[in-house]
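Undergrad: I am sharing input.csv, which consists of CSV, C-alpha atoms:
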chain,number,residue,atom,x,y,z
A,1,MET,CA,-11.7,8.9,15.1
A,2,THR,CA,-10.5,12.4,14.7
A,3,SER,CA,-7.4,12.6,12.5
A,4,MET,CA,-4.6,14.9,13.7
A,5,LYS,CA,-3.0,17.1,11.0
A,6,LEU,CA,0.4,16.0,9.9
A,7,ASN,CA,3.3,18.4,10.5
A,8,MET,CA,4.7,18.1,7.0
A,9,GLU,CA,7.8,20.1,8.0
A,10,LYS,CA,8.9,17.2,10.2
A,11,ILE,CA,8.7,14.7,7.3
A,12,PRO,CA,12.0,14.4,5.4
A,13,LYS,CA,11.9,15.4,1.7
A,14,LEU,CA,13.0,12.5,-0.5
A,15,THR,CA,13.7,12.8,-4.2
A,16,LEU,CA,11.8,10.0,-5.9
A,17,TRP,CA,14.2,7.2,-7.0
A,18,ASN,CA,11.6,5.6,-9.3
A,19,LYS,CA,12.1,6.6,-13.0
A,20,TRP,CA,8.6,5.7,-14.3
A,21,LYS,CA,6.4,8.6,-15.3
A,22,ARG,CA,2.6,8.5,-15.7
A,23,PRO,CA,1.7,8.7,-19.4
A,24,ALA,CA,0.0,11.9,-20.5
A,25,SER,CA,-2.4,9.8,-22.5
A,26,ILE,CA,-4.1,8.6,-19.3
A,27,PRO,CA,-6.6,11.1,-17.9
A,28,TYR,CA,-5.7,12.6,-14.5
A,29,PRO,CA,-7.5,12.3,-12.3
A,30,ASN,CA,-9.2,9.2,-13.6
A,31,THR,CA,-12.1,7.2,-12.3
A,32,TRP,CA,-11.2,3.5,-12.4
A,33,HIS,CA,-14.2,1.7,-11.1
A,34,LYS,CA,-17.7,2.3,-9.6
A,35,PHE,CA,-19.6,-0.2,-7.4
A,36,THR,CA,-22.3,-0.4,-4.8
A,37,ALA,CA,-21.3,-1.8,-1.4
A,38,LYS,CA,-23.7,-3.0,1.4
A,39,SER,CA,-23.0,-2.8,5.1
A,40,LYS,CA,-24.0,-5.5,7.6
A,41,ASP,CA,-27.1,-3.6,8.5
A,42,GLY,CA,-28.2,-3.5,4.8
A,43,LYS,CA,-27.3,0.1,4.1
A,44,GLU,CA,-26.0,0.7,0.5
A,45,PHE,CA,-23.2,2.9,-0.4
A,46,LYS,CA,-22.2,4.0,-3.9
A,47,ILE,CA,-18.4,4.0,-4.1
A,48,LYS,CA,-15.9,4.9,-6.8
A,49,ILE,CA,-12.2,4.2,-7.1
A,50,VAL,CA,-10.2,7.2,-8.3
A,51,ASP,CA,-6.7,8.7,-8.4
A,52,VAL,CA,-5.5,10.5,-5.4
A,53,THR,CA,-4.9,14.1,-6.5
A,54,PRO,CA,-2.3,16.6,-5.0
A,55,ASP,CA,-4.9,18.4,-3.0
A,56,ARG,CA,-5.5,15.1,-1.1
A,57,PHE,CA,-1.9,13.8,-0.9
A,58,GLU,CA,-1.5,15.0,2.7
A,59,GLU,CA,-4.9,13.6,3.7
A,60,SER,CA,-3.9,10.2,2.2
A,61,LEU,CA,-0.7,10.2,4.4
A,62,GLU,CA,-2.8,11.0,7.4
A,63,PHE,CA,-5.2,8.2,6.4
A,64,ILE,CA,-2.5,5.5,6.3
A,65,ARG,CA,-1.0,6.8,9.6
A,66,ASP,CA,-4.4,6.5,11.3
A,67,TYR,CA,-5.8,3.3,9.7
A,68,LEU,CA,-2.8,1.3,8.5
A,69,TYR,CA,0.0,1.6,11.0
A,70,SER,CA,-2.4,0.9,13.9
A,71,ASN,CA,-3.9,-2.2,12.2
A,72,GLU,CA,-1.2,-3.7,9.9
A,73,PRO,CA,0.4,-6.7,11.7
A,74,LEU,CA,4.1,-5.7,11.3
A,75,CYS,CA,3.7,-2.0,12.0
A,76,GLU,CA,1.6,-2.8,15.0
A,77,SER,CA,4.1,-5.4,16.3
A,78,VAL,CA,7.1,-3.1,16.0
A,79,LYS,CA,5.1,-0.1,17.4
A,80,MET,CA,5.6,2.1,14.4
A,81,LEU,CA,3.4,4.8,15.8
A,82,GLU,CA,5.5,5.1,18.9
A,83,ASP,CA,8.8,5.3,16.9
A,84,GLU,CA,8.9,8.9,15.7
A,85,ILE,CA,12.0,8.5,13.5
A,86,SER,CA,10.7,5.4,11.8
A,87,LEU,CA,7.2,6.9,11.3
A,88,GLN,CA,8.5,10.1,9.8
A,89,ASN,CA,10.8,8.3,7.5
A,90,GLU,CA,8.1,5.8,6.4
A,91,LEU,CA,5.7,8.7,5.7
A,92,ALA,CA,8.5,10.4,3.7
A,93,ARG,CA,8.8,7.3,1.5
A,94,GLN,CA,5.0,7.2,0.9
A,95,ASN,CA,5.0,10.9,0.2
A,96,ALA,CA,7.7,10.3,-2.5
A,97,PHE,CA,5.6,7.5,-4.1
A,98,LEU,CA,2.7,10.0,-4.4
A,99,GLN,CA,4.7,11.9,-7.0
A,100,GLN,CA,4.1,9.2,-9.6
A,101,ARG,CA,0.4,10.2,-9.3
A,102,ILE,CA,-0.7,6.5,-9.5
A,103,THR,CA,-2.0,6.0,-5.9
A,104,ILE,CA,-5.7,5.3,-5.8
A,105,MET,CA,-8.5,5.8,-3.2
A,106,ALA,CA,-12.0,4.7,-2.7
A,107,VAL,CA,-14.4,7.5,-1.9
A,108,LEU,CA,-18.2,7.8,-1.6
A,109,ASP,CA,-19.7,8.5,-5.0
A,110,GLU,CA,-21.2,11.9,-4.1
A,111,ASP,CA,-21.4,15.2,-6.0
A,112,VAL,CA,-19.3,17.2,-3.5
A,113,PRO,CA,-15.8,18.7,-3.9
A,114,LYS,CA,-14.1,16.2,-1.6
A,115,PRO,CA,-16.1,13.1,-1.0
A,116,GLU,CA,-15.2,11.0,2.0
A,117,MET,CA,-12.0,9.0,1.7
A,118,ILE,CA,-12.8,5.5,2.8
A,119,ALA,CA,-9.8,3.5,1.5
A,120,VAL,CA,-6.4,4.1,0.2
A,121,GLN,CA,-4.1,1.8,-1.9
A,122,LYS,CA,-0.6,3.3,-2.3
A,123,LEU,CA,0.8,2.4,-5.7
A,124,PHE,CA,4.0,3.0,-7.5
A,125,VAL,CA,5.9,1.5,-10.5
A,126,ALA,CA,9.3,0.0,-10.0
A,127,SER,CA,11.7,-0.1,-13.0
A,128,LYS,CA,14.9,-1.9,-13.8
A,129,ASP,CA,16.8,1.4,-14.1
A,130,ASP,CA,15.5,3.0,-10.9
A,131,ASP,CA,18.1,4.7,-8.7
A,132,PRO,CA,18.9,3.0,-5.3
A,133,GLU,CA,16.2,3.5,-2.7
A,134,PRO,CA,17.4,5.7,0.1
A,135,GLU,CA,18.2,4.0,3.4
A,136,LEU,CA,15.7,4.9,6.1
A,137,THR,CA,16.5,4.8,9.8
A,138,GLY,CA,14.7,4.0,13.0
A,139,ASN,CA,14.4,0.9,15.2
A,140,ALA,CA,11.0,-0.2,13.8
A,141,MET,CA,12.1,0.6,10.3
A,142,SER,CA,15.2,-1.5,10.5
A,143,LYS,CA,13.2,-4.6,11.6
A,144,LEU,CA,10.7,-4.1,8.7
A,145,GLU,CA,13.5,-3.6,6.2
A,146,LYS,CA,15.2,-6.8,7.2
A,147,ILE,CA,12.2,-9.1,6.7
A,148,ILE,CA,11.2,-7.3,3.4
A,149,GLU,CA,14.8,-7.7,2.1
A,150,ASP,CA,14.6,-11.4,2.9
A,151,LEU,CA,11.2,-11.7,1.3
A,152,TYR,CA,12.5,-10.3,-2.0
A,153,ALA,CA,15.8,-12.3,-2.0
A,154,ASN,CA,16.2,-14.3,-5.1
A,155,GLN,CA,12.9,-13.1,-6.5
A,156,ASP,CA,13.6,-11.0,-9.6
A,157,GLN,CA,10.2,-9.3,-10.2
A,158,PHE,CA,11.2,-8.1,-13.6
A,159,GLU,CA,12.3,-11.5,-14.8
A,160,ILE,CA,9.3,-13.2,-13.3
A,161,HIS,CA,7.0,-10.9,-15.3
A,162,GLY,CA,9.1,-10.6,-18.4
A,163,THR,CA,9.2,-6.8,-18.2
A,164,ASP,CA,11.2,-3.8,-17.2
A,165,ALA,CA,8.5,-2.2,-15.1
A,166,VAL,CA,6.2,-3.7,-12.5
A,167,LEU,CA,3.2,-2.3,-10.6
A,168,LYS,CA,3.7,-2.3,-6.9
A,169,GLY,CA,1.4,-1.7,-4.0
A,170,PHE,CA,1.8,-0.7,-0.3
A,171,GLY,CA,-0.6,-0.5,2.5
A,172,LEU,CA,-4.1,-1.3,1.3
A,173,CYS,CA,-6.2,0.1,4.1
A,174,VAL,CA,-9.9,0.7,4.6
A,175,LYS,CA,-11.6,2.9,7.2
A,176,PRO,CA,-12.8,0.6,10.0
A,177,ASN,CA,-16.5,1.6,9.8
A,178,TYR,CA,-16.4,0.4,6.1
A,179,TRP,CA,-14.9,-3.0,6.9
A,180,GLY,CA,-16.7,-6.1,5.6
A,181,MET,CA,-18.1,-4.5,2.5
A,182,ASN,CA,-15.7,-5.9,-0.1
A,183,ILE,CA,-14.1,-2.5,-0.7
A,184,GLY,CA,-10.5,-3.9,-0.5
A,185,TYR,CA,-11.4,-6.7,-2.9
A,186,ASN,CA,-12.8,-4.2,-5.4
A,187,ILE,CA,-9.6,-2.2,-5.1
A,188,VAL,CA,-7.5,-5.3,-5.8
A,189,LEU,CA,-9.6,-6.1,-8.9
A,190,CYS,CA,-8.9,-2.6,-10.1
A,191,LEU,CA,-5.1,-3.3,-10.2
A,192,GLU,CA,-5.4,-5.3,-13.4
A,193,LYS,CA,-7.3,-2.5,-15.1
A,194,ILE,CA,-4.7,0.1,-13.9
A,195,ALA,CA,-1.7,-2.1,-14.9
A,196,LYS,CA,-3.1,-2.7,-18.4
A,197,ALA,CA,-3.8,1.0,-18.9
A,198,TYR,CA,-0.2,1.7,-18.2
A,199,ASP,CA,1.0,-1.2,-20.3
A,200,LEU,CA,2.5,-3.0,-17.2
A,201,ARG,CA,2.7,-6.8,-17.5
A,202,GLY,CA,2.6,-7.6,-13.8
A,203,CYS,CA,2.0,-6.7,-10.2
A,204,MET,CA,4.0,-7.8,-7.2
A,205,THR,CA,3.9,-6.8,-3.6
A,206,MET,CA,4.0,-8.1,-0.1
A,207,TYR,CA,0.9,-8.9,2.0
A,208,THR,CA,1.3,-9.2,5.7
A,209,SER,CA,-2.1,-10.0,7.1
A,210,ILE,CA,-4.5,-13.0,6.7
A,211,TYR,CA,-7.2,-10.6,5.5
A,212,SER,CA,-5.2,-9.0,2.7
A,213,GLN,CA,-3.7,-12.4,1.7
A,214,ALA,CA,-7.2,-13.8,1.4
A,215,ILE,CA,-8.4,-10.9,-0.7
A,216,VAL,CA,-5.6,-11.1,-3.3
A,217,THR,CA,-5.8,-14.9,-3.3
A,218,LYS,CA,-9.5,-14.6,-4.2
A,219,ALA,CA,-8.5,-12.2,-7.0
A,220,GLY,CA,-6.1,-14.8,-8.4
A,221,PHE,CA,-2.7,-13.7,-7.1
A,222,LYS,CA,0.1,-16.2,-6.9
A,223,VAL,CA,2.5,-16.7,-3.9
A,224,TYR,CA,6.1,-16.2,-4.9
A,225,ASN,CA,7.7,-16.4,-1.5
A,226,GLU,CA,6.6,-16.8,2.1
A,227,ILE,CA,8.3,-16.1,5.4
A,228,PHE,CA,7.1,-17.1,8.8
A,229,TYR,CA,7.1,-14.4,11.5
A,230,ASP,CA,8.1,-16.9,14.3
A,231,ASP,CA,11.4,-17.6,12.5
A,232,TYR,CA,12.6,-14.1,13.4
A,233,LYS,CA,14.4,-13.8,16.7
A,234,ASP,CA,16.6,-11.0,18.2
A,235,GLU,CA,20.0,-11.6,19.6
A,236,LYS,CA,18.4,-12.8,22.9
A,237,GLY,CA,16.2,-15.3,21.2
A,238,ASN,CA,13.0,-13.2,21.7
A,239,ALA,CA,10.5,-12.9,18.9
A,240,MET,CA,11.3,-9.9,16.7
A,241,PHE,CA,7.6,-9.6,15.7
A,242,PRO,CA,5.6,-10.4,18.8
A,243,ASN,CA,1.8,-10.5,19.0
A,244,VAL,CA,1.3,-11.0,15.3
A,245,HIS,CA,-1.9,-13.0,14.7
A,246,THR,CA,-1.0,-13.8,11.0
A,247,LYS,CA,1.6,-16.6,10.6
A,248,SER,CA,3.5,-15.2,7.7
A,249,ILE,CA,4.3,-12.5,5.2
A,250,LYS,CA,3.8,-13.4,1.6
A,251,LEU,CA,5.2,-12.0,-1.6
A,252,MET,CA,2.3,-12.2,-4.1
A,253,GLY,CA,1.5,-11.0,-7.5
A,254,MET,CA,-0.1,-11.6,-10.9
A,255,LYS,CA,1.0,-11.6,-14.5
A,256,TYR,CA,-1.1,-9.6,-17.0
A,257,SER,CA,-1.3,-10.5,-20.7
Produce structure tokens that represent the structure in this file.
TA:
Amino acid sequence: MTSMKLNMEKIPKLTLWNKWKRPASIPYPNTWHKFTAKSKDGKEFKIKIVDVTPDRFEESLEFIRDYLYSNEPLCESVKMLEDEISLQNELARQNAFLQQRITIMAVLDEDVPKPEMIAVQKLFVASKDDDPEPELTGNAMSKLEKIIEDLYANQDQFEIHGTDAVLKGFGLCVKPNYWGMNIGYNIVLCLEKIAKAYDLRGCMTMYTSIYSQAIVTKAGFKVYNEIFYDDYKDEKGNAMFPNVHTKSIKLMGMKYS
């Protein structure tokens, strides 16, 4: 697949509403984990998980556009890629999160200036004193915001983890030709190391597919809330999220001591 360059001028500029700042004591960029993965045909790949640096911010946005929005169940169901307003607004939100400089990527462990990006995990830190998140428009976006709002209803992530700041994730995605190599699982395992480095006591986020839910369950994540896609209908009684092959969206997380 050949990625089309983003037109960054079309993406709205959002001022980040999250107050947390990456501590200067944590090296940037940092290498969080190294491992060896094996493909189904037995080929081995040396991989490292590192911080996404500003010179690759735009590339990481292109990556999630190309490999997340076309495969993630909800985005695929609401046709995010066909809704220009929703797509640009969602990319604007992800671009804002990048400013915390905590998002990570898996790359081939090669001695080259820009090793191949093979997976991205958008990360950010939510705090009790954050400003309100800007409202984002678009038909696809409004459907997603509704189910996400319901998922988090009555779930106080700060009270649950006994802290004022929580590690959050969005859009764990792996390049298709690297699927089935436990790359996503290694990234999830990295979250605890990252959280502890930043003195964060918990991680909580939503998982929308059976694959991501299985990965984080294997890593020890707990389910805090679950909503079934079939329960959502439009005003005519039609499914709001048609053709979703996973039965539910789950709010999942883990406490770190």
Undergrad: Using all atoms listed in the file, pick whichever of A:Glu72, A:Glu192, A:Glu9, A:Glu110 has the shortest atom-to-atom distance to Ser212 in chain A.
TA: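 For Ser212 in chain A, the nearest of the given residues is A:Glu72.
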Undergrad: Between CA of His245 in chain A and CA of Ile210 in chain A, what is the distance, to one decimal in Å?
TA: 8.4 Å
Undergrad: Using all atoms listed in the file, which residues of range 195-256 of chain A come within 12 Å of range 79-98 of chain A, and what is the closest atom pair for each, with the distance in Å to one decimal? Give it as CSV, sorted by chain and residue number.
TA:
residue,atom,partner,partner_atom,distance
A:Met240,CA,A:Lys79,CA,11.6
A:Phe241,CA,A:Lys79,CA,10.0
A:Pro242,CA,A:Lys79,CA,10.4
A:Asn243,CA,A:Lys79,CA,11.0
A:Val244,CA,A:Lys79,CA,11.7
Undergrad: With only C-alpha atoms as the basis for distance, which of A:Asp41, A:Asp164, A:Asp234, A:Asp51 is at the shortest distance from Ala106 in chain A?
TA: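 Among the listed residues, A:Asp51 lies closest to Ala106 in chain A.
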Undergrad: Quick one: distance from CA of Met206 in chain A to CA of Leu172 in chain A in Å, one decimal?
TA: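 For CA of Met206 in chain A relative to CA of Leu172 in chain A, the distance reads 10.7 Å.
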Undergrad: Using only C-alpha atoms, which of A:Lys19, A:Pro29, A:Ile102, A:Cys173 sits nearest Ile194 in chain A?
TA: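 Answer, going by the shortest atom-to-atom distance: A:Ile102.
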Undergrad: Kindly provide the residues of range 150-174 of chain A that approach range 179-188 of chain A to within 12 Å, each paired with its closest atom pair and their distance in Å to one decimal, based on all atoms listed in the file, listed by chain and increasing number, as CSV.
TA:
residue,atom,partner,partner_atom,distance
A:Lys168,CA,A:Val188,CA,11.6
A:Gly169,CA,A:Val188,CA,9.8
A:Phe170,CA,A:Val188,CA,11.7
A:Gly171,CA,A:Gly184,CA,10.9
A:Leu172,CA,A:Gly184,CA,7.1
A:Cys173,CA,A:Gly184,CA,7.5
A:Val174,CA,A:Trp179,CA,6.6
Undergrad: How many Å lie between CA of Leu68 in chain A and CA of Glu116 in chain A, rounded to one decimal?
TA: 17.0 Å
Undergrad: In terms of the shortest atom-to-atom distance over only C-alpha atoms, which of A:Lys143, A:Arg56, A:Tyr67, A:Ser257 is closest to Lys193 in chain A?
TA: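 The shortest atom-to-atom distance to Lys193 in chain A comes from A:Ser257.
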Undergrad: Check the smallest atom-to-atom distance from each of A:Lys255, A:Arg65, A:Arg201, A:Lys38 to Val223 in chain A using only C-alpha atoms, then report the winner.
TA: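 For Val223 in chain A, the nearest of the candidates is A:Lys255.
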Undergrad: May I ask which of the residues A:Glu235, A:Glu226, A:Glu145, A:Glu44 is the closest one to Tyr178 in chain A, counting all atoms listed in the file?
TA: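 That would be A:Glu44, the residue with the smallest distance to Tyr178 in chain A.
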Undergrad: Fix up range 49-65 of chain A with N, CA, C and O atoms, then write it as a PDB file, in the frame of the given file.
TA:
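The resulting file, selection-v6.pdb, is reproduced below:
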ATOM      1  N   ILE A  49     -13.609   4.318  -7.262  1.00  0.00           N
ATOM      2  CA  ILE A  49     -12.200   4.200  -7.100  1.00  0.00           C
ATOM      3  C   ILE A  49     -11.510   5.213  -8.035  1.00  0.00           C
ATOM      4  O   ILE A  49     -11.701   5.098  -9.249  1.00  0.00           O
ATOM      5  N   VAL A  50     -10.763   6.152  -7.494  1.00  0.00           N
ATOM      6  CA  VAL A  50     -10.200   7.200  -8.300  1.00  0.00           C
ATOM      7  C   VAL A  50      -8.756   7.490  -7.921  1.00  0.00           C
ATOM      8  O   VAL A  50      -8.268   7.011  -6.897  1.00  0.00           O
ATOM      9  N   ASP A  51      -8.075   8.248  -8.765  1.00  0.00           N
ATOM     10  CA  ASP A  51      -6.700   8.700  -8.400  1.00  0.00           C
ATOM     11  C   ASP A  51      -6.716   9.647  -7.276  1.00  0.00           C
ATOM     12  O   ASP A  51      -7.609  10.494  -7.158  1.00  0.00           O
ATOM     13  N   VAL A  52      -5.705   9.545  -6.433  1.00  0.00           N
ATOM     14  CA  VAL A  52      -5.500  10.500  -5.400  1.00  0.00           C
ATOM     15  C   VAL A  52      -4.829  11.758  -6.052  1.00  0.00           C
ATOM     16  O   VAL A  52      -3.792  11.629  -6.705  1.00  0.00           O
ATOM     17  N   THR A  53      -5.421  12.919  -5.895  1.00  0.00           N
ATOM     18  CA  THR A  53      -4.900  14.100  -6.500  1.00  0.00           C
ATOM     19  C   THR A  53      -4.074  14.930  -5.480  1.00  0.00           C
ATOM     20  O   THR A  53      -4.196  14.711  -4.271  1.00  0.00           O
ATOM     21  N   PRO A  54      -3.215  15.843  -5.961  1.00  0.00           N
ATOM     22  CA  PRO A  54      -2.300  16.600  -5.000  1.00  0.00           C
ATOM     23  C   PRO A  54      -2.998  17.253  -3.881  1.00  0.00           C
ATOM     24  O   PRO A  54      -2.418  17.339  -2.795  1.00  0.00           O
ATOM     25  N   ASP A  55      -4.232  17.715  -4.083  1.00  0.00           N
ATOM     26  CA  ASP A  55      -4.900  18.400  -3.000  1.00  0.00           C
ATOM     27  C   ASP A  55      -5.315  17.436  -1.863  1.00  0.00           C
ATOM     28  O   ASP A  55      -5.725  17.877  -0.784  1.00  0.00           O
ATOM     29  N   ARG A  56      -5.148  16.100  -2.114  1.00  0.00           N
ATOM     30  CA  ARG A  56      -5.500  15.100  -1.100  1.00  0.00           C
ATOM     31  C   ARG A  56      -4.277  14.246  -0.725  1.00  0.00           C
ATOM     32  O   ARG A  56      -4.434  13.242  -0.020  1.00  0.00           O
ATOM     33  N   PHE A  57      -3.087  14.604  -1.206  1.00  0.00           N
ATOM     34  CA  PHE A  57      -1.900  13.800  -0.900  1.00  0.00           C
ATOM     35  C   PHE A  57      -1.672  13.793   0.641  1.00  0.00           C
ATOM     36  O   PHE A  57      -1.453  12.723   1.213  1.00  0.00           O
ATOM     37  N   GLU A  58      -1.707  14.952   1.281  1.00  0.00           N
ATOM     38  CA  GLU A  58      -1.500  15.000   2.700  1.00  0.00           C
ATOM     39  C   GLU A  58      -2.539  14.204   3.475  1.00  0.00           C
ATOM     40  O   GLU A  58      -2.238  13.474   4.427  1.00  0.00           O
ATOM     41  N   GLU A  59      -3.767  14.312   3.042  1.00  0.00           N
ATOM     42  CA  GLU A  59      -4.900  13.600   3.700  1.00  0.00           C
ATOM     43  C   GLU A  59      -4.643  12.064   3.542  1.00  0.00           C
ATOM     44  O   GLU A  59      -4.933  11.300   4.471  1.00  0.00           O
ATOM     45  N   SER A  60      -4.115  11.630   2.389  1.00  0.00           N
ATOM     46  CA  SER A  60      -3.900  10.200   2.200  1.00  0.00           C
ATOM     47  C   SER A  60      -2.769   9.700   3.136  1.00  0.00           C
ATOM     48  O   SER A  60      -2.808   8.556   3.604  1.00  0.00           O
ATOM     49  N   LEU A  61      -1.783  10.557   3.422  1.00  0.00           N
ATOM     50  CA  LEU A  61      -0.700  10.200   4.400  1.00  0.00           C
ATOM     51  C   LEU A  61      -1.317  10.086   5.792  1.00  0.00           C
ATOM     52  O   LEU A  61      -0.982   9.172   6.552  1.00  0.00           O
ATOM     53  N   GLU A  62      -2.178  11.014   6.136  1.00  0.00           N
ATOM     54  CA  GLU A  62      -2.800  11.000   7.400  1.00  0.00           C
ATOM     55  C   GLU A  62      -3.715   9.699   7.531  1.00  0.00           C
ATOM     56  O   GLU A  62      -3.790   9.066   8.589  1.00  0.00           O
ATOM     57  N   PHE A  63      -4.325   9.331   6.421  1.00  0.00           N
ATOM     58  CA  PHE A  63      -5.200   8.200   6.400  1.00  0.00           C
ATOM     59  C   PHE A  63      -4.417   6.890   6.696  1.00  0.00           C
ATOM     60  O   PHE A  63      -4.830   6.082   7.536  1.00  0.00           O
ATOM     61  N   ILE A  64      -3.260   6.694   6.029  1.00  0.00           N
ATOM     62  CA  ILE A  64      -2.500   5.500   6.300  1.00  0.00           C
ATOM     63  C   ILE A  64      -1.885   5.495   7.691  1.00  0.00           C
ATOM     64  O   ILE A  64      -1.753   4.449   8.332  1.00  0.00           O
ATOM     65  N   ARG A  65      -1.521   6.684   8.173  1.00  0.00           N
ATOM     66  CA  ARG A  65      -1.000   6.800   9.600  1.00  0.00           C
ATOM     67  C   ARG A  65      -2.115   6.323  10.533  1.00  0.00           C
ATOM     68  O   ARG A  65      -1.863   5.542  11.445  1.00  0.00           O
TER      69      ARG A  65
END
